[in-house]
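So this one's coords.tsv, TSV, C-alpha atoms and all ligand atoms:
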chain	number	residue	atom	x	y	z
A	1	MET	CA	169.68	275.39	116.88
A	2	SER	CA	171.73	275.89	113.70
A	3	THR	CA	171.40	279.10	111.69
A	4	LEU	CA	171.81	277.41	108.28
A	5	ASN	CA	168.18	278.14	107.42
A	6	LYS	CA	167.83	281.39	109.36
A	7	ASP	CA	165.53	283.04	106.78
A	8	GLN	CA	163.16	280.07	106.92
A	9	SER	CA	163.39	279.97	110.70
A	10	ASP	CA	162.45	283.67	110.90
A	11	TYR	CA	159.64	283.11	108.39
A	12	TRP	CA	158.08	280.10	110.17
A	13	ASN	CA	158.55	281.56	113.67
A	14	GLY	CA	157.04	284.93	112.71
A	15	GLU	CA	153.60	285.98	111.52
A	16	VAL	CA	153.37	283.12	109.00
A	17	GLY	CA	153.96	280.46	111.67
A	18	GLN	CA	151.36	282.13	113.89
A	19	ARG	CA	148.81	282.06	111.07
A	20	TRP	CA	149.50	278.40	110.29
A	21	ALA	CA	149.11	277.66	114.01
A	22	ILE	CA	145.75	279.44	114.25
A	23	HIS	CA	144.38	277.89	111.05
A	24	HIS	CA	145.85	274.40	111.39
A	25	ARG	CA	142.47	272.64	111.19
A	26	ALA	CA	141.62	274.24	107.83
A	27	LEU	CA	145.06	273.27	106.49
A	28	ASP	CA	144.66	269.68	107.67
A	29	THR	CA	141.25	269.52	105.97
A	30	ALA	CA	142.63	270.95	102.74
A	31	PHE	CA	145.60	268.54	102.72
A	32	ALA	CA	143.56	265.48	103.82
A	33	PRO	CA	143.26	263.87	100.35
A	34	PHE	CA	147.06	263.92	100.05
A	35	THR	CA	147.68	262.87	103.65
A	36	GLU	CA	145.69	259.71	103.05
A	37	VAL	CA	147.91	258.72	100.11
A	38	LEU	CA	151.09	259.60	102.03
A	39	PHE	CA	150.17	257.16	104.81
A	40	ASP	CA	148.96	254.47	102.38
A	41	ARG	CA	152.37	254.55	100.74
A	42	ALA	CA	154.31	254.80	104.01
A	43	ALA	CA	152.46	251.73	105.40
A	44	LEU	CA	153.97	252.29	108.84
A	45	ALA	CA	154.43	249.08	110.80
A	46	PRO	CA	153.32	248.79	114.44
A	47	GLY	CA	156.32	249.55	116.64
A	48	ALA	CA	158.11	251.61	113.96
A	49	ARG	CA	160.26	254.64	114.86
A	50	VAL	CA	159.23	257.58	112.69
A	51	LEU	CA	160.72	261.00	111.92
A	52	ASP	CA	158.24	263.66	110.71
A	53	ILE	CA	160.27	266.35	108.89
A	54	GLY	CA	158.81	269.86	109.08
A	55	CYS	CA	155.90	268.49	111.11
A	56	GLY	CA	154.13	271.86	111.43
A	57	ALA	CA	151.13	271.75	113.79
A	58	GLY	CA	151.40	267.98	114.13
A	59	ASP	CA	148.62	266.41	112.05
A	60	THR	CA	150.91	263.86	110.39
A	61	ALA	CA	152.91	263.19	113.59
A	62	LEU	CA	149.64	262.37	115.38
A	63	ILE	CA	148.51	260.05	112.58
A	64	ALA	CA	151.91	258.32	112.61
A	65	ALA	CA	151.76	257.93	116.41
A	66	ARG	CA	148.34	256.27	116.20
A	67	GLN	CA	149.50	253.94	113.42
A	68	VAL	CA	152.73	252.76	115.07
A	69	GLY	CA	151.02	252.41	118.48
A	70	ARG	CA	152.48	252.31	121.99
A	71	ASP	CA	155.48	250.21	120.94
A	72	GLY	CA	156.52	252.77	118.34
A	73	HIS	CA	157.97	256.26	118.62
A	74	VAL	CA	157.60	259.51	116.65
A	75	THR	CA	160.02	262.42	116.52
A	76	ALA	CA	158.25	265.50	115.16
A	77	ALA	CA	160.88	268.02	114.04
A	78	ASP	CA	160.29	271.59	112.93
A	79	LEU	CA	161.95	275.01	112.96
A	80	SER	CA	158.77	276.69	114.18
A	81	GLU	CA	158.08	276.99	117.89
A	82	PRO	CA	154.47	278.30	117.43
A	83	LEU	CA	153.65	275.22	115.32
A	84	LEU	CA	155.37	272.77	117.68
A	85	ALA	CA	153.39	274.30	120.55
A	86	VAL	CA	150.12	273.43	118.76
A	87	GLY	CA	151.38	269.88	118.15
A	88	ARG	CA	152.31	269.36	121.81
A	89	GLU	CA	148.93	270.59	122.95
A	90	ARG	CA	147.04	268.43	120.42
A	91	ALA	CA	148.99	265.30	121.37
A	92	ALA	CA	147.83	265.60	124.96
A	93	ARG	CA	144.19	265.71	123.81
A	94	GLU	CA	144.05	263.73	120.58
A	95	ALA	CA	146.45	260.83	120.83
A	96	PRO	CA	145.80	258.84	124.00
A	97	GLY	CA	147.08	255.29	123.56
A	98	ALA	CA	149.34	256.28	120.68
A	99	ALA	CA	153.13	256.23	120.50
A	100	ALA	CA	155.03	258.83	122.46
A	101	ILE	CA	155.88	261.89	120.36
A	102	GLU	CA	159.01	263.95	120.89
A	103	TRP	CA	158.37	267.51	119.66
A	104	LEU	CA	161.77	268.76	118.61
A	105	ARG	CA	162.72	272.27	117.54
A	106	ALA	CA	165.46	271.43	115.08
A	107	ASP	CA	166.78	272.18	111.62
A	108	ALA	CA	166.40	268.91	109.70
A	109	GLN	CA	169.29	269.99	107.46
A	110	ASP	CA	171.92	269.40	110.11
A	111	HIS	CA	170.38	268.17	113.37
A	112	ALA	CA	172.24	265.09	114.67
A	113	PHE	CA	169.27	262.74	115.02
A	114	GLY	CA	171.38	259.55	115.26
A	115	SER	CA	170.69	256.49	113.08
A	116	ARG	CA	167.50	255.40	114.70
A	117	PHE	CA	164.45	255.83	112.50
A	118	ASP	CA	162.72	253.17	110.41
A	119	HIS	CA	160.85	255.77	108.42
A	120	ALA	CA	161.24	259.50	107.66
A	121	LEU	CA	158.16	261.18	106.22
A	122	SER	CA	157.01	264.67	105.39
A	123	ARG	CA	153.93	266.47	104.17
A	124	PHE	CA	155.21	269.53	102.33
A	125	GLY	CA	158.09	270.10	104.79
A	126	VAL	CA	161.20	269.32	102.69
A	127	MET	CA	161.21	272.11	100.06
A	128	PHE	CA	162.74	274.84	102.22
A	129	PHE	CA	166.36	273.77	102.73
A	130	GLU	CA	169.22	276.09	101.80
A	131	ASP	CA	171.26	273.01	100.84
A	132	SER	CA	168.95	270.16	99.85
A	133	VAL	CA	171.70	267.58	99.25
A	134	ALA	CA	173.13	268.21	102.73
A	135	ALA	CA	169.64	268.07	104.24
A	136	PHE	CA	168.61	264.80	102.58
A	137	ALA	CA	172.02	263.27	103.40
A	138	ASN	CA	171.39	264.21	107.04
A	139	ILE	CA	167.91	262.66	106.87
A	140	ARG	CA	169.40	259.50	105.31
A	141	ARG	CA	171.91	259.28	108.17
A	142	SER	CA	168.98	259.49	110.62
A	143	LEU	CA	167.57	256.25	109.16
A	144	ALA	CA	168.52	252.79	110.34
A	145	PRO	CA	169.76	250.37	107.62
A	146	GLY	CA	166.82	249.54	105.33
A	147	GLY	CA	164.99	252.69	106.46
A	148	ARG	CA	162.52	254.41	104.16
A	149	LEU	CA	161.70	257.97	103.13
A	150	THR	CA	158.24	259.07	101.95
A	151	PHE	CA	157.26	262.68	101.28
A	152	LEU	CA	154.84	264.95	99.47
A	153	CYS	CA	155.86	268.07	97.57
A	154	TRP	CA	154.04	270.34	95.13
A	155	ARG	CA	154.21	270.02	91.36
A	156	SER	CA	154.49	273.29	89.39
A	157	MET	CA	152.38	276.32	90.20
A	158	ALA	CA	150.84	276.11	86.72
A	159	GLU	CA	149.42	272.66	87.60
A	160	ASN	CA	147.91	273.88	90.89
A	161	ASP	CA	144.60	275.68	90.33
A	162	TRP	CA	144.26	276.34	94.07
A	163	VAL	CA	147.15	278.79	93.55
A	164	MET	CA	146.62	279.86	89.92
A	165	VAL	CA	142.92	280.81	90.24
A	166	PRO	CA	143.24	283.23	93.20
A	167	ARG	CA	146.63	284.40	91.86
A	168	ALA	CA	144.98	285.57	88.63
A	169	ALA	CA	142.56	287.63	90.72
A	170	VAL	CA	145.34	289.44	92.64
A	171	LEU	CA	148.04	289.93	89.99
A	172	PRO	CA	146.33	293.04	88.51
A	173	LEU	CA	146.58	294.65	91.96
A	174	LEU	CA	150.34	294.08	92.34
A	175	PRO	CA	153.50	295.54	90.84
A	176	GLU	CA	155.34	293.09	88.57
A	177	VAL	CA	155.98	289.81	90.38
A	178	GLU	CA	159.51	288.38	90.10
A	179	PRO	CA	159.65	284.67	89.24
A	180	PRO	CA	161.34	282.61	92.00
A	181	GLN	CA	165.08	282.00	91.61
A	182	PRO	CA	165.73	278.45	90.33
A	183	GLY	CA	166.91	276.28	93.22
A	184	ALA	CA	165.74	278.72	95.90
A	185	PRO	CA	163.89	277.27	98.90
A	186	GLY	CA	160.12	277.51	98.48
A	187	PRO	CA	156.94	275.49	97.93
A	188	PHE	CA	157.74	274.71	94.27
A	189	ARG	CA	161.42	273.78	94.85
A	190	PHE	CA	160.82	270.20	93.62
A	191	ALA	CA	158.13	270.92	91.03
A	192	GLU	CA	160.25	269.10	88.44
A	193	PRO	CA	161.20	265.52	89.34
A	194	ASN	CA	164.50	265.95	87.52
A	195	THR	CA	165.38	268.41	90.31
A	196	ALA	CA	164.64	266.17	93.29
A	197	VAL	CA	165.81	262.82	91.92
A	198	PRO	CA	169.52	263.78	91.49
A	199	ILE	CA	169.44	265.49	94.89
A	200	LEU	CA	168.13	262.31	96.55
A	201	GLU	CA	170.71	260.22	94.67
A	202	ALA	CA	173.53	262.57	95.73
A	203	ALA	CA	172.26	262.28	99.31
A	204	GLY	CA	172.69	258.50	99.10
A	205	PHE	CA	169.09	257.34	98.63
A	206	ARG	CA	168.23	254.52	96.25
A	207	ALA	CA	165.05	252.94	94.82
A	208	ILE	CA	163.72	256.47	94.28
A	209	ASP	CA	160.18	256.59	92.99
A	210	CYS	CA	157.90	259.53	92.31
A	211	GLU	CA	154.23	259.35	91.53
A	212	PRO	CA	152.04	262.28	90.39
A	213	LEU	CA	148.90	262.84	92.46
A	214	ASN	CA	145.96	265.02	91.47
A	215	ARG	CA	143.26	265.78	94.01
A	216	ALA	CA	140.62	268.42	94.67
A	217	MET	CA	141.59	270.60	97.60
A	218	CYS	CA	138.86	272.32	99.64
A	219	LEU	CA	140.01	275.82	100.62
A	220	GLY	CA	136.91	276.56	102.68
A	221	ASP	CA	133.19	275.95	103.08
A	222	THR	CA	132.30	279.41	101.79
A	223	PRO	CA	133.90	281.88	99.36
A	224	GLU	CA	134.81	284.10	102.35
A	225	ALA	CA	136.56	281.26	104.23
A	226	ALA	CA	138.36	280.12	101.07
A	227	ALA	CA	139.51	283.66	100.22
A	228	SER	CA	140.80	284.04	103.77
A	229	PHE	CA	142.73	280.76	103.31
A	230	ALA	CA	144.20	281.91	99.98
A	231	THR	CA	145.32	285.30	101.27
A	232	THR	CA	146.78	284.17	104.59
A	233	ARG	CA	148.53	280.86	103.80
A	234	GLY	CA	150.57	279.58	100.89
A	235	PRO	CA	151.94	281.26	97.77
A	236	ILE	CA	149.37	284.10	97.50
A	237	ALA	CA	150.00	285.07	101.13
A	238	ARG	CA	153.73	285.23	100.26
A	239	LEU	CA	152.92	287.63	97.38
A	240	LEU	CA	150.82	289.86	99.61
A	241	ARG	CA	153.14	289.88	102.61
A	242	GLU	CA	154.99	293.07	101.68
A	243	CYS	CA	151.87	294.90	100.39
A	244	ASP	CA	150.09	297.63	102.29
A	245	GLY	CA	146.74	297.06	103.99
A	246	ALA	CA	144.68	298.60	101.16
A	247	VAL	CA	146.13	296.17	98.59
A	248	GLN	CA	145.61	293.24	100.96
A	249	GLU	CA	141.97	294.22	101.46
A	250	ALA	CA	141.44	294.65	97.72
A	251	ALA	CA	143.01	291.21	97.12
A	252	LEU	CA	140.69	289.59	99.67
A	253	LYS	CA	137.65	291.18	98.03
A	254	SER	CA	138.76	290.30	94.53
A	255	ILE	CA	139.31	286.61	95.43
A	256	THR	CA	136.06	286.42	97.43
A	257	ASP	CA	134.10	287.82	94.45
A	258	LEU	CA	135.78	285.41	92.05
A	259	PHE	CA	135.05	282.38	94.27
A	260	ALA	CA	131.44	283.55	94.80
A	261	ASP	CA	131.02	283.78	90.99
A	262	GLN	CA	132.44	280.29	90.45
A	263	PHE	CA	131.07	278.43	93.48
A	264	GLY	CA	127.98	280.38	94.59
A	265	GLY	CA	127.87	280.43	98.41
A	266	GLY	CA	129.20	276.88	98.84
A	267	PRO	CA	132.53	275.11	99.38
A	268	VAL	CA	135.47	276.12	97.20
A	269	SER	CA	137.36	273.09	95.85
A	270	LEU	CA	140.17	273.55	93.35
A	271	GLY	CA	142.61	271.20	91.68
A	272	ALA	CA	145.93	270.47	93.41
A	273	ALA	CA	148.91	268.56	92.01
A	274	CYS	CA	151.72	266.92	94.02
A	275	TRP	CA	154.51	264.41	93.80
A	276	LEU	CA	154.59	261.49	96.19
A	277	PHE	CA	158.26	260.54	96.57
A	278	SER	CA	159.56	257.37	98.15
A	279	ALA	CA	163.10	256.07	98.55
A	280	ARG	CA	165.26	253.72	100.65
A	281	THR	CA	168.61	253.98	102.36
A	301	LIG	C1	154.44	274.05	104.31
A	301	LIG	S1	154.73	273.80	106.01
A	301	LIG	C2	154.13	272.14	106.23
A	301	LIG	C3	153.84	271.83	107.68
A	301	LIG	C4	153.23	270.44	107.94
A	301	LIG	N1	154.07	269.38	107.47
A	301	LIG	C5	151.84	270.33	107.35
A	301	LIG	O1	151.67	269.62	106.35
A	301	LIG	O2	150.92	270.99	107.89
A	301	LIG	C6	156.48	273.56	106.05
A	301	LIG	C7	157.03	273.27	107.43
A	301	LIG	O3	158.42	272.91	107.30
A	301	LIG	C8	159.13	273.52	108.36
A	301	LIG	N2	160.54	273.63	107.95
A	301	LIG	C9	161.04	274.38	106.94
A	301	LIG	N3	162.37	274.23	106.86
A	301	LIG	C10	162.73	273.36	107.85
A	301	LIG	C11	163.97	272.82	108.29
A	301	LIG	N4	165.12	273.14	107.71
A	301	LIG	N5	163.96	271.94	109.34
A	301	LIG	C12	162.79	271.62	109.96
A	301	LIG	N6	161.59	272.12	109.59
A	301	LIG	C13	161.55	272.98	108.55
A	301	LIG	C14	158.43	274.85	108.58
A	301	LIG	O4	158.69	275.41	109.85
A	301	LIG	C15	156.96	274.45	108.38
A	301	LIG	O5	156.35	274.05	109.58
Output the structure of this file as structure tokens.
Amino acid sequence: MSTLNKDQSDYWNGEVGQRWAIHHRALDTAFAPFTEVLFDRAALAPGARVLDIGCGAGDTALIAARQVGRDGHVTAADLSEPLLAVGRERAAREAPGAAAIEWLRADAQDHAFGSRFDHALSRFGVMFFEDSVAAFANIRRSLAPGGRLTFLCWRSMAENDWVMVPRAAVLPLLPEVEPPQPGAPGPFRFAEPNTAVPILEAAGFRAIDCEPLNRAMCLGDTPEAAASFATTRGPIARLLRECDGAVQEAALKSITDLFADQFGGGPVSLGAACWLFSART
């Protein structure tokens, strides 16, 4: 596999990938309101050939395989072997009668897929490329003439309470946090549409559309489960990764207490804001 995105490959094959693999059900539940809109917009036809970019533990690849049926085909591509392993195992159990799924360890930025897909889609898997123009040009080349691209990415951190609320609880425990470098790979890479649109145009896509989506995202059924989600996956987990155990424990307690104050003992749902992008070859 190419080493163009070696840092991301190390990140998603290491402890973070393992955590996402273990907690994949909770992530799928949290993302479900967005997943529904992604597939409404994609409107996959029976028999379609689909590429899932950064497929993670396979939720969206499995949905695509059910929708396109036995005459279709899904290629589920990801850098992360621990996440692909979960996908393979789920497919055997959860998708009888669906399209065949090829689980492919590949860097979507430069893997030679061939021009064979009717549809490329992604749920939060396209914000981590070192060279986004090269990556989207490669994805465009993977599409047959008339092929379509549909993906979800996060709007700004400030618009995402599921990050901002627990973040406010942990910032007092941390040394000063550096803002991310503009243009660096990361969850908020395409927070501004005027970043992604020129990149998609330069990659050769046309009929580019982006729609804002706001949904409540359930981080867990209890404050404890939701605090565990916030500290082990996503942007807060990234902040805490380099901290020592005492700070991590204090962060978990601080977020748990905050959620308990706001939500009592029940489910923790916070606002989440995304873009739904679509484009054509
Ligand atoms: C935020 S996770 C989303 C996973 C999955 N789509 C989901 O919604 O659960 C991002 C995923 O993109 C993958 N990824 C990042 N850069 C990639 C690249 N260059 N090529 C393929 N996959 C990549 C990561 O390994 C990770 O599984």
Between CA of Ala64 (chain A) and CA of Thr29 (chain A), measure the distance and give it in Å to one decimal. 16.8 Å
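Taking all atoms listed in the file into account, the residues near (167.6, 264.7, 98.4), no farther than 6 Å, are Ser132, Val133, Phe136, Ile199, Leu200 and Ala203 of chain A.
Reported to one decimal place, the separation of CA of Ser269 (chain A) from CA of Thr222 (chain A) is 10.0 Å.
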Exercise: Leu276 (chain A) partners within 7 Å, all atoms listed in the file, chain neighbours under 3 positions left out, as a PyMOL selection string: chain A and resi 151-153+210-213
Counting only C-alpha atoms and all ligand atoms, which protein, DNA or RNA residues come within 6 Å of ligand LIG 301 (chain A), given as a ChimeraX atom specification? /A:5,8,12,53-57,77-80,106-109,122-125,128-129
Quick one: everything within 7 Å of region 41-51 of chain A, counting all atoms listed in the file, minus sequence neighbours fewer than 2 positions away in the same chain. Send it as a PyMOL selection string. chain A and resi 37-39+53+67-69+71-76+117-121+150
